[in-house]
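Okay, so here's the structure we're looking at.
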Amino acid sequence: MKFEDIKKLHQKKFREELGHFIVEGEHLVQELEKAAQRDARLRASEVYVTHEYAGHSGKLPVQVINARYMAQITETRSPQGIAAVVPLLQPAGPRADERAVYLHEIQDPGNLGTILRTLAWFGGFRCLLSHDSVDVHNGKVVRASMGAIFHVPVEHDVPLESLRGRFVNVACLDLKGAPVASAAFRDFDCYVFGNEARGLPREPVAAIGARSFTIAGSGAIESLNVASAVNICVYEINRA
């Protein structure tokens, strides 16, 4: 890819147009290389390094560039000196034993990255994003995911109403629901979480037949951070 095009990949419209995104930092490049061993499509990625990383060895093509160019293709203030341009891939199809986490209009890239990291840790989850959610290939999301982006299938622009025809059992969080600590909470195919500020729209959620659950708290504050809520719920789902 031309260097001028790589610089454009910080913007969503160019990521979609050019079909690539950027990962930066040694850890993320290592996760990419591990993922490329499983998925041949990722072997079309290209790694860019400064002279400090010129000895980097891996199975992906490597190009050495100067520090000025590296600063132009990365977003962090003090880039490590290693980055990669990665093709956008369609997620693998759902597996029979897979559960889904649906995020409705999630906006904060740190939240999404943290959620992906949690889903990757426990395994067996697919992430569904509604329209108007933050782009999963946003640089802040990618960095916050710590490589989980390569391990969790993510679907974009999934309508909330489509869940009714796709999943038999759907759960959501509500202050008046049953406790997530109950065994019944583990019996669902899809778990729905809402926007950081607005939560979930009541009528559309009721229309998909979602059963309500709640995370018990002291009541001292109004709500949990959405990433924290997902973390707790995914733990409960996997608790023996």
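All residue names refer to the structure tokens as shown: chains lettered A, B, ... in order, residues numbered from 1 in each chain, ligands numbered from 1 in order.
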Open item on the list: Could you pull out the strand (DSSP E or B) residues of segment 21-74 of chain A, going by DSSP on the backbone, and write them as a list in words?
Closed with: Phe21, Ile22, Val23, Glu24, Glu46, Val47, Tyr48, Val49, Val62, Gln63 and Val64 of chain A
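Taking only C-alpha atoms, the non-local environment of Glu75 of chain A within 8 Å (same-chain residues fewer than 4 positions away omitted) comprises His10, Ala71, Pro79 and Gly139 of chain A.
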- [ ] Using only C-alpha atoms, determine which residues lie at most 10 Å from Glu31 of chain A, disregarding the query and same-chain residues fewer than 2 positions distant; provide the list as a list in words.
- [x]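 Contacts, in chain order: Glu26, His27, Leu28, Val29, Glu33, Lys34, Ala35, Ala36, Met146, Gly147, Ala148, Ile149, Phe150 and His151 of chain A.
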With a distance cut-off of 6 Å and only C-alpha atoms, select the neighbouring residues of segment 130-137 of chain A, excluding the residue or stretch itself and same-chain residues fewer than 6 positions from it, and output the selection as a PDB file with N, CA and C atoms, in the first residue's frame.
ATOM      1  N   HIS A 104     -25.556  -1.850  22.085  1.00  0.00           N
ATOM      2  CA  HIS A 104     -26.431  -0.890  21.415  1.00  0.00           C
ATOM      3  C   HIS A 104     -25.864   0.521  21.511  1.00  0.00           C
ATOM      4  N   GLU A 105     -25.394   1.039  20.392  1.00  0.00           N
ATOM      5  CA  GLU A 105     -24.903   2.416  20.268  1.00  0.00           C
ATOM      6  C   GLU A 105     -23.816   2.739  21.291  1.00  0.00           C
ATOM      7  N   ILE A 106     -22.906   1.809  21.508  1.00  0.00           N
ATOM      8  CA  ILE A 106     -21.783   2.070  22.407  1.00  0.00           C
ATOM      9  C   ILE A 106     -20.864   3.087  21.737  1.00  0.00           C
ATOM     10  N   GLN A 107     -20.416   4.065  22.505  1.00  0.00           N
ATOM     11  CA  GLN A 107     -19.686   5.191  21.927  1.00  0.00           C
ATOM     12  C   GLN A 107     -18.217   5.265  22.323  1.00  0.00           C
ATOM     13  N   ASP A 157     -23.202  -2.935  12.466  1.00  0.00           N
ATOM     14  CA  ASP A 157     -24.508  -2.457  11.988  1.00  0.00           C
ATOM     15  C   ASP A 157     -25.592  -3.528  12.077  1.00  0.00           C
ATOM     16  N   VAL A 158     -25.649  -4.205  13.205  1.00  0.00           N
ATOM     17  CA  VAL A 158     -26.663  -5.245  13.423  1.00  0.00           C
ATOM     18  C   VAL A 158     -27.899  -4.585  14.031  1.00  0.00           C
ATOM     19  N   PRO A 159     -29.060  -4.632  13.361  1.00  0.00           N
ATOM     20  CA  PRO A 159     -30.262  -4.001  13.920  1.00  0.00           C
ATOM     21  C   PRO A 159     -30.733  -4.712  15.186  1.00  0.00           C
TER      22      PRO A 159
END
- [ ] Kindly indicate which residue among A:Val49, A:Ala216, A:Cys233, A:Leu9 lies nearest to Arg68 of chain A, using only C-alpha atoms for the distances.
- [x]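 Going through A:Val49, A:Ala216, A:Cys233, A:Leu9 one by one, the smallest distance to Arg68 of chain A is for A:Val49.
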Open item on the list: With DSSP run on the backbone, what are the alpha helix (DSSP H) residues within segment 28-224 of chain A? I'd like them as a ChimeraX atom specification.
Closed with: /A:28-38,67-73,109-122,139-145,163-166,202-207
Open item on the list: Would you pick out the contacts of Tyr48 of chain A at 10 Å or less, using only C-alpha atoms, so that residues sharing its chain but fewer than 4 positions from it are not included, and give the list as a PyMOL selection string?
Closed with: chain A and resi 24+29+53-54+56+61-66+69-70+73+81-85
Just want the 10 Å neighbourhood of segment 194-202 of chain A, counted on only C-alpha atoms, with same-chain residues fewer than 3 positions away dropped. Output as a CSV table (one decimal) with N, CA and C atoms, in the first residue's frame.
chain,number,residue,atom,x,y,z
A,102,TYR,N,-24.5,-8.2,22.5
A,102,TYR,CA,-24.9,-7.2,21.6
A,102,TYR,C,-24.8,-5.8,22.3
A,103,LEU,N,-24.1,-4.9,21.6
A,103,LEU,CA,-23.9,-3.6,22.2
A,103,LEU,C,-24.6,-2.5,21.4
A,104,HIS,N,-25.6,-1.9,22.1
A,104,HIS,CA,-26.4,-0.9,21.4
A,104,HIS,C,-25.9,0.5,21.5
A,105,GLU,N,-25.4,1.0,20.4
A,105,GLU,CA,-24.9,2.4,20.3
A,105,GLU,C,-23.8,2.7,21.3
A,106,ILE,N,-22.9,1.8,21.5
A,106,ILE,CA,-21.8,2.1,22.4
A,106,ILE,C,-20.9,3.1,21.7
A,107,GLN,N,-20.4,4.1,22.5
A,107,GLN,CA,-19.7,5.2,21.9
A,107,GLN,C,-18.2,5.3,22.3
A,108,ASP,N,-17.9,4.8,23.5
A,108,ASP,CA,-16.5,5.0,24.0
A,108,ASP,C,-15.6,3.9,23.5
A,111,ASN,N,-14.2,1.6,26.2
A,111,ASN,CA,-15.2,0.6,26.7
A,111,ASN,C,-15.2,-0.6,25.7
A,130,SER,N,-24.5,-2.4,17.1
A,130,SER,CA,-25.6,-1.7,16.4
A,130,SER,C,-25.0,-0.6,15.6
A,133,SER,N,-22.6,2.7,16.6
A,133,SER,CA,-21.6,2.4,17.6
A,133,SER,C,-20.2,2.8,17.1
A,160,LEU,N,-31.1,-4.0,16.2
A,160,LEU,CA,-31.6,-4.5,17.4
A,160,LEU,C,-32.8,-5.5,17.2
A,172,CYS,N,-31.2,-9.0,28.9
A,172,CYS,CA,-30.7,-7.6,28.9
A,172,CYS,C,-30.6,-7.2,30.4
A,173,LEU,N,-30.0,-6.1,30.6
A,173,LEU,CA,-29.9,-5.6,32.0
A,173,LEU,C,-30.9,-4.5,32.3
A,174,ASP,N,-31.5,-4.6,33.5
A,174,ASP,CA,-32.5,-3.6,33.9
A,174,ASP,C,-32.5,-3.6,35.4
A,205,VAL,N,-36.5,-3.2,23.0
A,205,VAL,CA,-36.0,-4.3,23.7
A,205,VAL,C,-37.2,-5.2,24.1
A,206,ALA,N,-38.3,-4.6,24.5
A,206,ALA,CA,-39.5,-5.4,24.8
A,206,ALA,C,-40.0,-6.2,23.6
A,207,ALA,N,-39.9,-5.6,22.4
A,207,ALA,CA,-40.3,-6.2,21.2
A,207,ALA,C,-39.5,-7.5,20.8
A,223,SER,N,-25.5,4.0,38.1
A,223,SER,CA,-25.3,2.9,37.1
A,223,SER,C,-23.8,2.5,37.1
A,224,LEU,N,-23.6,1.4,36.5
A,224,LEU,CA,-22.2,0.9,36.3
A,224,LEU,C,-21.7,1.3,34.9
A,225,ASN,N,-20.4,1.4,34.8
A,225,ASN,CA,-19.8,1.6,33.4
A,225,ASN,C,-20.2,0.3,32.6
A,226,VAL,N,-20.5,0.5,31.3
A,226,VAL,CA,-20.9,-0.6,30.5
A,226,VAL,C,-19.9,-1.7,30.4
A,227,ALA,N,-18.6,-1.3,30.3
A,227,ALA,CA,-17.6,-2.3,30.2
A,227,ALA,C,-17.5,-3.1,31.5
Open item on the list: For a test of reading the model, state the distance in Å between atom CA of Val192 of chain A and atom CA of Glu16 of chain A, rounded to one decimal.
Closed with: 26.4 Å
Open item on the list: Using only C-alpha atoms, which protein or nucleic acid residues come within 10 Å of Gly209 of chain A? Drop anything in the same chain fewer than 3 positions from it, and give the result as a PyMOL selection string.
Closed with: chain A and resi 163-164+168-172+204-206+212
- [ ] Measure the distance from atom CA of Gly58 of chain A to atom CA of Glu155 of chain A in Å and round it to one decimal.
- [x]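 Computing it gives 29.1 Å between the two atoms.
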- [ ] Provide the atom CA of Phe125 of chain A to atom CA of Arg99 of chain A distance in Å, to one decimal place.
- [x]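 It comes out at 4.9 Å.
For the choices A:Gln80, A:His20, A:Lys12, A:Val234, the atom-to-atom distance to Leu116 of chain A is smallest for A:Val234 when using only C-alpha atoms.
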Task: Proximity to Arg211 of chain A - best of A:Gly55, A:Gly113, A:Pro179, A:Gly25, only C-alpha atoms - done: A:Pro179
